[in-house]
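Q: Take this structure first; my questions come after.
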Amino acid sequence: MDMQIVLVGLNHKSAPVAVRERLAFGSDQVPEHLRRLIGAGGCSEAAILSTCNRTEVYVACEDEAQGTEAVVGFLCAFAGEPRAAVAPYLYNYNGLAAARHLARVAAGLDSMLIGEAQILGQVRTALQLAQQAGTAGPHVTRLFEAALRAGKRARAETAIGEGAASVSHAAVKLAYRIAPSLFDKEILLIGAGKVAELVARHLSRKGHARVRVANRTEARARQLAEAYGWSSLPLEQLAAALEAADIVISSTGAPEPLIGADMVRAVLERRRGRMLYFIDLAVPRDVDPAVQGLAGAVVYNIDDLYGVVDTTVSQRREQMNAAEAIVEEEIREFWTWYSQRAVAPVIALLRQRAEA
């Protein structure tokens with residue numbers, strides 16, 4: 001039977017962050033879960049693309065309906081939720097539509113912030129993790145390679161990425177909306193990964209000097225802070241750091257909230273009416289949603305950034321159209337390979353019979 005390509009996923013358009021965080025896979029979790037998905041039956045190849053704005057599972061299977069059902073069940077089990085709580089947020093594409101979707105994702109055409117560059121590396125990492133898990137067979141591998149080519153060409157041959165905002169840029173822009181005179185405010189940056197590095201870079205470009213960096217690994221926090229002449233602290237001192245901060249920008253990979261309502265409530269009592277603002281870029285979230293209900297605290301999550309940065313989609317329509325054309329070209333090439341692969345066994349059998 002011909003191998004079918006199936007995609008089941010959710011993103012910032014189909015599900016709020018409260019749902020997406022239940023289905024966020026850490027990179028270290030992906031290989032184990034891919035092997036579990038394949039081991040459960042229904043799929044012979046698989047890859048997981050999981051970012052702050054989406055979780056998508058791509059599989060190759062013999063039976064499209066069976067493969068789709070296997071992935072939906074897998075996602076519900078991972079979230080620890082009944083099907084009725086997860087399925088309404090999922091979308092499902094197969095065949096050429098699934099391939100086209102992945103290529104559009106890689107080209108930055110399906111991002112919250114159109115043209116953002118980070119997604120291309122995330123698609124590449126998804127393929128590498130599937131290869132590491134041993135679940136990236138010929139169909140998944142060629143599918144992701146075609147999407148990566150489309151993404152690279154879209155950036156090289158169009159201006160889709162020029163002036164594109166990133167989540168980190170949006171966070172800093174939001175910080176300046178909160179406090180236009182940011183120079184006299186203290187910023188606490190929690191996390192020291194790629195997003196935190198980009199936030200630090202944007203803050204530095206603005207010339208902001210009063211920043212403290214906190215991270216689970218103190219050496220990593222110190223390294224990031226010293227690069228910009230800032231100070232660092234261990235997460236154990238988080239409560240004291242919150243008391244001094246005006247704006248907190250957080251982007252860790254912690255599976256549970258680092259900042260709880262009880263911690264913030266105690267901090268606010270000592271702040272004597274000074275407002276405390278949180279910009280939570282993490283999925284799963286670093287700041288407990290209950291913090292938003294406290295008087296004196298304001299929490300922005302990653303979904304709130306969509307309204308902060310003008311993506312100027314209408315002004316960039318020409319670039320988007322050019323990028324869409326590149327996507328279509330690369331996916332048609334992939335589909336030609338896929339179609340030929342599907343009929344190759346039939347042709348071989350006919351040739352054998354003719355020779356006989």
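The way I read the labels, and the way they are meant: chains A, B, ... in the order of the structure tokens, residue 1 as the first residue of every chain, and ligand 1 as the first ligand shown, with later ones counted on from there.
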Would you write out, as a tab-separated table, a table of all residues in region 100-185 of chain A that have an atom no more than 12 Å from an atom of region 203-227 of chain A, listing for each the closest atom pair and the distance in Å to one decimal, considering only C-alpha atoms and ordering rows by chain and rising residue number?

A:
residue	atom	partner	partner_atom	distance
A:Ser168	CA	A:Leu203	CA	9.6
A:His169	CA	A:Leu203	CA	8.8
A:Ala170	CA	A:Leu203	CA	11.3
A:Ala171	CA	A:Leu203	CA	9.8
A:Val172	CA	A:Leu203	CA	6.6
A:Lys173	CA	A:Leu203	CA	9.4
A:Leu174	CA	A:Leu203	CA	11.6
A:Ala175	CA	A:Leu203	CA	9.7
A:Tyr176	CA	A:Lys206	CA	9.9
A:Pro180	CA	A:Lys206	CA	11.7
A:Ser181	CA	A:His208	CA	10.3
A:Leu182	CA	A:His208	CA	7.4
A:Phe183	CA	A:His208	CA	5.8
A:Asp184	CA	A:Arg210	CA	7.8
A:Lys185	CA	A:Arg210	CA	6.9

Q: So that I can see what lies close to region 88-97 of chain A, please list as a list in words the residues with an atom at most 6 Å from it, counting only C-alpha atoms and leaving out residues fewer than 3 positions away in the same chain.

A: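 Here the qualifying residues turn out to be Ile5, Val6, Leu7, Val8, Gly9, Leu10, Ser14, Ala15 and Arg100 of chain A.
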
Q: May I have the selected residues written with all heavy atoms, as a PDB file, in the first residue's frame?

A:
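Result file is out-v1.pdb:
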ATOM      1  N   ILE A   5       1.097  10.674   3.899  1.00  0.00           N
ATOM      2  CA  ILE A   5       1.686  11.690   4.783  1.00  0.00           C
ATOM      3  C   ILE A   5       0.546  12.408   5.511  1.00  0.00           C
ATOM      4  O   ILE A   5      -0.401  12.889   4.884  1.00  0.00           O
ATOM      5  CB  ILE A   5       2.527  12.697   3.982  1.00  0.00           C
ATOM      6  CG1 ILE A   5       3.757  11.992   3.413  1.00  0.00           C
ATOM      7  CG2 ILE A   5       2.945  13.874   4.858  1.00  0.00           C
ATOM      8  CD1 ILE A   5       4.546  12.835   2.449  1.00  0.00           C
ATOM      9  N   VAL A   6       0.654  12.461   6.829  1.00  0.00           N
ATOM     10  CA  VAL A   6      -0.407  13.047   7.656  1.00  0.00           C
ATOM     11  C   VAL A   6       0.204  14.049   8.636  1.00  0.00           C
ATOM     12  O   VAL A   6       1.273  13.808   9.200  1.00  0.00           O
ATOM     13  CB  VAL A   6      -1.162  11.941   8.437  1.00  0.00           C
ATOM     14  CG1 VAL A   6      -2.070  12.539   9.502  1.00  0.00           C
ATOM     15  CG2 VAL A   6      -1.977  11.074   7.481  1.00  0.00           C
ATOM     16  N   LEU A   7      -0.479  15.163   8.819  1.00  0.00           N
ATOM     17  CA  LEU A   7      -0.095  16.171   9.819  1.00  0.00           C
ATOM     18  C   LEU A   7      -1.277  16.405  10.749  1.00  0.00           C
ATOM     19  O   LEU A   7      -2.397  16.618  10.292  1.00  0.00           O
ATOM     20  CB  LEU A   7       0.287  17.488   9.132  1.00  0.00           C
ATOM     21  CG  LEU A   7       0.055  18.793   9.924  1.00  0.00           C
ATOM     22  CD1 LEU A   7       0.961  18.858  11.140  1.00  0.00           C
ATOM     23  CD2 LEU A   7       0.262  20.011   9.048  1.00  0.00           C
ATOM     24  N   VAL A   8      -1.012  16.359  12.055  1.00  0.00           N
ATOM     25  CA  VAL A   8      -2.000  16.771  13.062  1.00  0.00           C
ATOM     26  C   VAL A   8      -1.291  17.756  13.981  1.00  0.00           C
ATOM     27  O   VAL A   8      -0.182  17.490  14.451  1.00  0.00           O
ATOM     28  CB  VAL A   8      -2.526  15.574  13.886  1.00  0.00           C
ATOM     29  CG1 VAL A   8      -3.529  16.075  14.934  1.00  0.00           C
ATOM     30  CG2 VAL A   8      -3.177  14.538  12.987  1.00  0.00           C
ATOM     31  N   GLY A   9      -1.901  18.903  14.224  1.00  0.00           N
ATOM     32  CA  GLY A   9      -1.228  19.884  15.082  1.00  0.00           C
ATOM     33  C   GLY A   9      -2.154  20.985  15.564  1.00  0.00           C
ATOM     34  O   GLY A   9      -3.364  20.978  15.314  1.00  0.00           O
ATOM     35  N   LEU A  10      -1.569  21.915  16.284  1.00  0.00           N
ATOM     36  CA  LEU A  10      -2.269  23.120  16.713  1.00  0.00           C
ATOM     37  C   LEU A  10      -1.269  24.257  16.745  1.00  0.00           C
ATOM     38  O   LEU A  10      -0.056  24.020  16.852  1.00  0.00           O
ATOM     39  CB  LEU A  10      -2.930  22.932  18.080  1.00  0.00           C
ATOM     40  CG  LEU A  10      -2.100  22.995  19.365  1.00  0.00           C
ATOM     41  CD1 LEU A  10      -3.019  22.933  20.586  1.00  0.00           C
ATOM     42  CD2 LEU A  10      -1.092  21.860  19.454  1.00  0.00           C
ATOM     43  N   SER A  14      -5.117  28.400  16.199  1.00  0.00           N
ATOM     44  CA  SER A  14      -6.152  27.426  16.543  1.00  0.00           C
ATOM     45  C   SER A  14      -6.334  27.229  18.043  1.00  0.00           C
ATOM     46  O   SER A  14      -7.372  26.713  18.470  1.00  0.00           O
ATOM     47  CB  SER A  14      -5.843  26.068  15.900  1.00  0.00           C
ATOM     48  OG  SER A  14      -4.777  25.396  16.569  1.00  0.00           O
ATOM     49  N   ALA A  15      -5.342  27.624  18.847  1.00  0.00           N
ATOM     50  CA  ALA A  15      -5.409  27.339  20.282  1.00  0.00           C
ATOM     51  C   ALA A  15      -4.714  28.427  21.101  1.00  0.00           C
ATOM     52  O   ALA A  15      -3.645  28.899  20.712  1.00  0.00           O
ATOM     53  CB  ALA A  15      -4.757  25.989  20.570  1.00  0.00           C
ATOM     54  N   ARG A 100       2.651  21.251   1.901  1.00  0.00           N
ATOM     55  CA  ARG A 100       2.595  22.700   1.667  1.00  0.00           C
ATOM     56  C   ARG A 100       2.585  23.464   2.989  1.00  0.00           C
ATOM     57  O   ARG A 100       3.256  24.489   3.131  1.00  0.00           O
ATOM     58  CB  ARG A 100       1.359  23.045   0.840  1.00  0.00           C
ATOM     59  CG  ARG A 100       1.270  24.527   0.485  1.00  0.00           C
ATOM     60  CD  ARG A 100       0.024  24.829  -0.328  1.00  0.00           C
ATOM     61  NE  ARG A 100       0.100  24.280  -1.674  1.00  0.00           N
ATOM     62  CZ  ARG A 100      -0.684  23.299  -2.140  1.00  0.00           C
ATOM     63  NH1 ARG A 100      -1.621  22.778  -1.356  1.00  0.00           N
ATOM     64  NH2 ARG A 100      -0.562  22.860  -3.369  1.00  0.00           N
TER      65      ARG A 100
END

Q: When DSSP works through the backbone of this structure, what residues of region 136-313 of chain A end up as helix (DSSP H, G or I), shown as a ChimeraX atom specification?

A: /A:138-157,167-178,182-184,194-205,218-227,235-244,261-271,289-293,302-307

Q: For region 231-322 of chain A against region 42-65 of chain A, with a cut-off of 12 Å and counting only C-alpha atoms, what is the closest atom pair and its distance in Å to one decimal for every residue that makes the cut, ordered by chain and number, as a tab-separated table?

A:
residue	atom	partner	partner_atom	distance
A:Ser251	CA	A:Cys52	CA	10.1
A:Thr252	CA	A:Cys52	CA	11.1
A:Gly253	CA	A:Cys52	CA	10.2
A:Asp280	CA	A:Cys52	CA	11.2
A:Leu281	CA	A:Cys52	CA	8.0
A:Ala282	CA	A:Cys52	CA	6.9
A:Val283	CA	A:Cys52	CA	5.2
A:Pro284	CA	A:Cys52	CA	8.0
A:Arg285	CA	A:Cys52	CA	9.6
A:Asn301	CA	A:Cys52	CA	10.8
A:Ile302	CA	A:Cys52	CA	8.0
A:Asp303	CA	A:Asn53	CA	8.6
A:Leu305	CA	A:Asn53	CA	11.5
A:Tyr306	CA	A:Asn53	CA	11.1

Q: Keeping only all heavy atoms, write the selected residues as a short mmCIF file (atom, residue, chain, number, x, y, z; two decimals), in the first residue's frame.

A:
data_model
loop_
_atom_site.label_atom_id
_atom_site.label_comp_id
_atom_site.auth_asym_id
_atom_site.auth_seq_id
_atom_site.Cartn_x
_atom_site.Cartn_y
_atom_site.Cartn_z
N SER A 251 11.74 33.68 29.95
CA SER A 251 11.72 32.76 28.81
C SER A 251 12.54 31.51 29.11
O SER A 251 13.56 31.26 28.48
CB SER A 251 12.26 33.44 27.55
OG SER A 251 13.63 33.80 27.74
N THR A 252 12.11 30.73 30.09
CA THR A 252 12.83 29.50 30.41
C THR A 252 12.13 28.30 29.77
O THR A 252 11.05 28.44 29.18
CB THR A 252 12.89 29.26 31.93
OG1 THR A 252 11.64 28.75 32.39
CG2 THR A 252 13.23 30.55 32.68
N GLY A 253 12.73 27.15 29.91
CA GLY A 253 12.13 25.92 29.41
C GLY A 253 11.55 25.08 30.54
O GLY A 253 11.37 23.87 30.39
N ASP A 280 5.79 37.25 29.83
CA ASP A 280 6.10 35.81 29.89
C ASP A 280 6.15 35.25 28.47
O ASP A 280 5.12 35.09 27.81
CB ASP A 280 5.02 35.12 30.71
CG ASP A 280 5.34 33.65 30.98
OD1 ASP A 280 6.36 33.16 30.47
OD2 ASP A 280 4.57 33.00 31.71
N LEU A 281 7.36 34.95 28.00
CA LEU A 281 7.55 34.45 26.64
C LEU A 281 7.60 32.93 26.58
O LEU A 281 7.78 32.36 25.50
CB LEU A 281 8.86 35.02 26.06
CG LEU A 281 9.01 36.54 26.11
CD1 LEU A 281 10.34 36.95 25.48
CD2 LEU A 281 7.85 37.22 25.39
N ALA A 282 7.49 32.27 27.72
CA ALA A 282 7.68 30.83 27.79
C ALA A 282 6.39 30.06 27.49
O ALA A 282 5.29 30.50 27.79
CB ALA A 282 8.18 30.43 29.17
N VAL A 283 6.56 28.90 26.86
CA VAL A 283 5.48 27.93 26.66
C VAL A 283 6.08 26.55 26.94
O VAL A 283 6.94 26.12 26.18
CB VAL A 283 4.91 27.96 25.23
CG1 VAL A 283 3.79 26.93 25.08
CG2 VAL A 283 4.40 29.35 24.87
N PRO A 284 5.68 25.90 28.07
CA PRO A 284 4.69 26.29 29.08
C PRO A 284 5.08 27.59 29.80
O PRO A 284 6.25 27.94 29.87
CB PRO A 284 4.72 25.11 30.06
CG PRO A 284 5.29 23.97 29.30
CD PRO A 284 6.27 24.58 28.34
N ARG A 285 4.08 28.26 30.34
CA ARG A 285 4.30 29.58 30.93
C ARG A 285 5.14 29.53 32.21
O ARG A 285 5.04 28.59 32.99
CB ARG A 285 2.94 30.24 31.22
CG ARG A 285 2.23 30.72 29.96
CD ARG A 285 0.82 31.19 30.25
NE ARG A 285 -0.07 30.06 30.51
CZ ARG A 285 -1.38 30.20 30.71
NH1 ARG A 285 -1.94 31.41 30.70
NH2 ARG A 285 -2.14 29.15 30.95
N ASN A 301 1.30 37.44 28.25
CA ASN A 301 1.88 36.19 27.77
C ASN A 301 2.19 36.31 26.28
O ASN A 301 1.96 37.35 25.67
CB ASN A 301 0.96 34.99 28.08
CG ASN A 301 -0.38 35.08 27.37
OD1 ASN A 301 -0.46 35.37 26.18
ND2 ASN A 301 -1.45 34.82 28.11
N ILE A 302 2.68 35.23 25.71
CA ILE A 302 3.18 35.30 24.32
C ILE A 302 2.07 35.66 23.33
O ILE A 302 2.31 36.31 22.32
CB ILE A 302 3.88 33.99 23.94
CG1 ILE A 302 4.73 34.19 22.69
CG2 ILE A 302 2.90 32.83 23.78
CD1 ILE A 302 5.79 33.14 22.49
N ASP A 303 0.83 35.27 23.62
CA ASP A 303 -0.27 35.60 22.71
C ASP A 303 -0.57 37.10 22.69
O ASP A 303 -1.08 37.62 21.71
CB ASP A 303 -1.54 34.83 23.11
CG ASP A 303 -1.47 33.36 22.72
OD1 ASP A 303 -0.49 32.98 22.04
OD2 ASP A 303 -2.37 32.60 23.10
N LEU A 305 1.55 39.37 22.52
CA LEU A 305 2.53 40.07 21.68
C LEU A 305 2.02 40.29 20.26
O LEU A 305 2.51 41.14 19.53
CB LEU A 305 3.84 39.28 21.61
CG LEU A 305 4.59 39.10 22.93
CD1 LEU A 305 5.90 38.37 22.70
CD2 LEU A 305 4.84 40.45 23.59
N TYR A 306 1.03 39.48 19.86
CA TYR A 306 0.51 39.59 18.51
C TYR A 306 0.01 40.99 18.22
O TYR A 306 0.18 41.52 17.12
CB TYR A 306 -0.61 38.57 18.30
CG TYR A 306 -1.08 38.46 16.87
CD1 TYR A 306 -0.27 37.88 15.90
CD2 TYR A 306 -2.32 38.95 16.49
CE1 TYR A 306 -0.69 37.79 14.59
CE2 TYR A 306 -2.75 38.85 15.18
CZ TYR A 306 -1.93 38.27 14.23
OH TYR A 306 -2.34 38.18 12.94
#

Q: Can you work out which one of A:Gly80, A:Gly134, A:Gly73, A:Gly26 has the shortest atom-to-atom distance to Ala40 (chain A), counting only C-alpha atoms?

A: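 Smallest distance to Ala40 (chain A) is found for A:Gly73.
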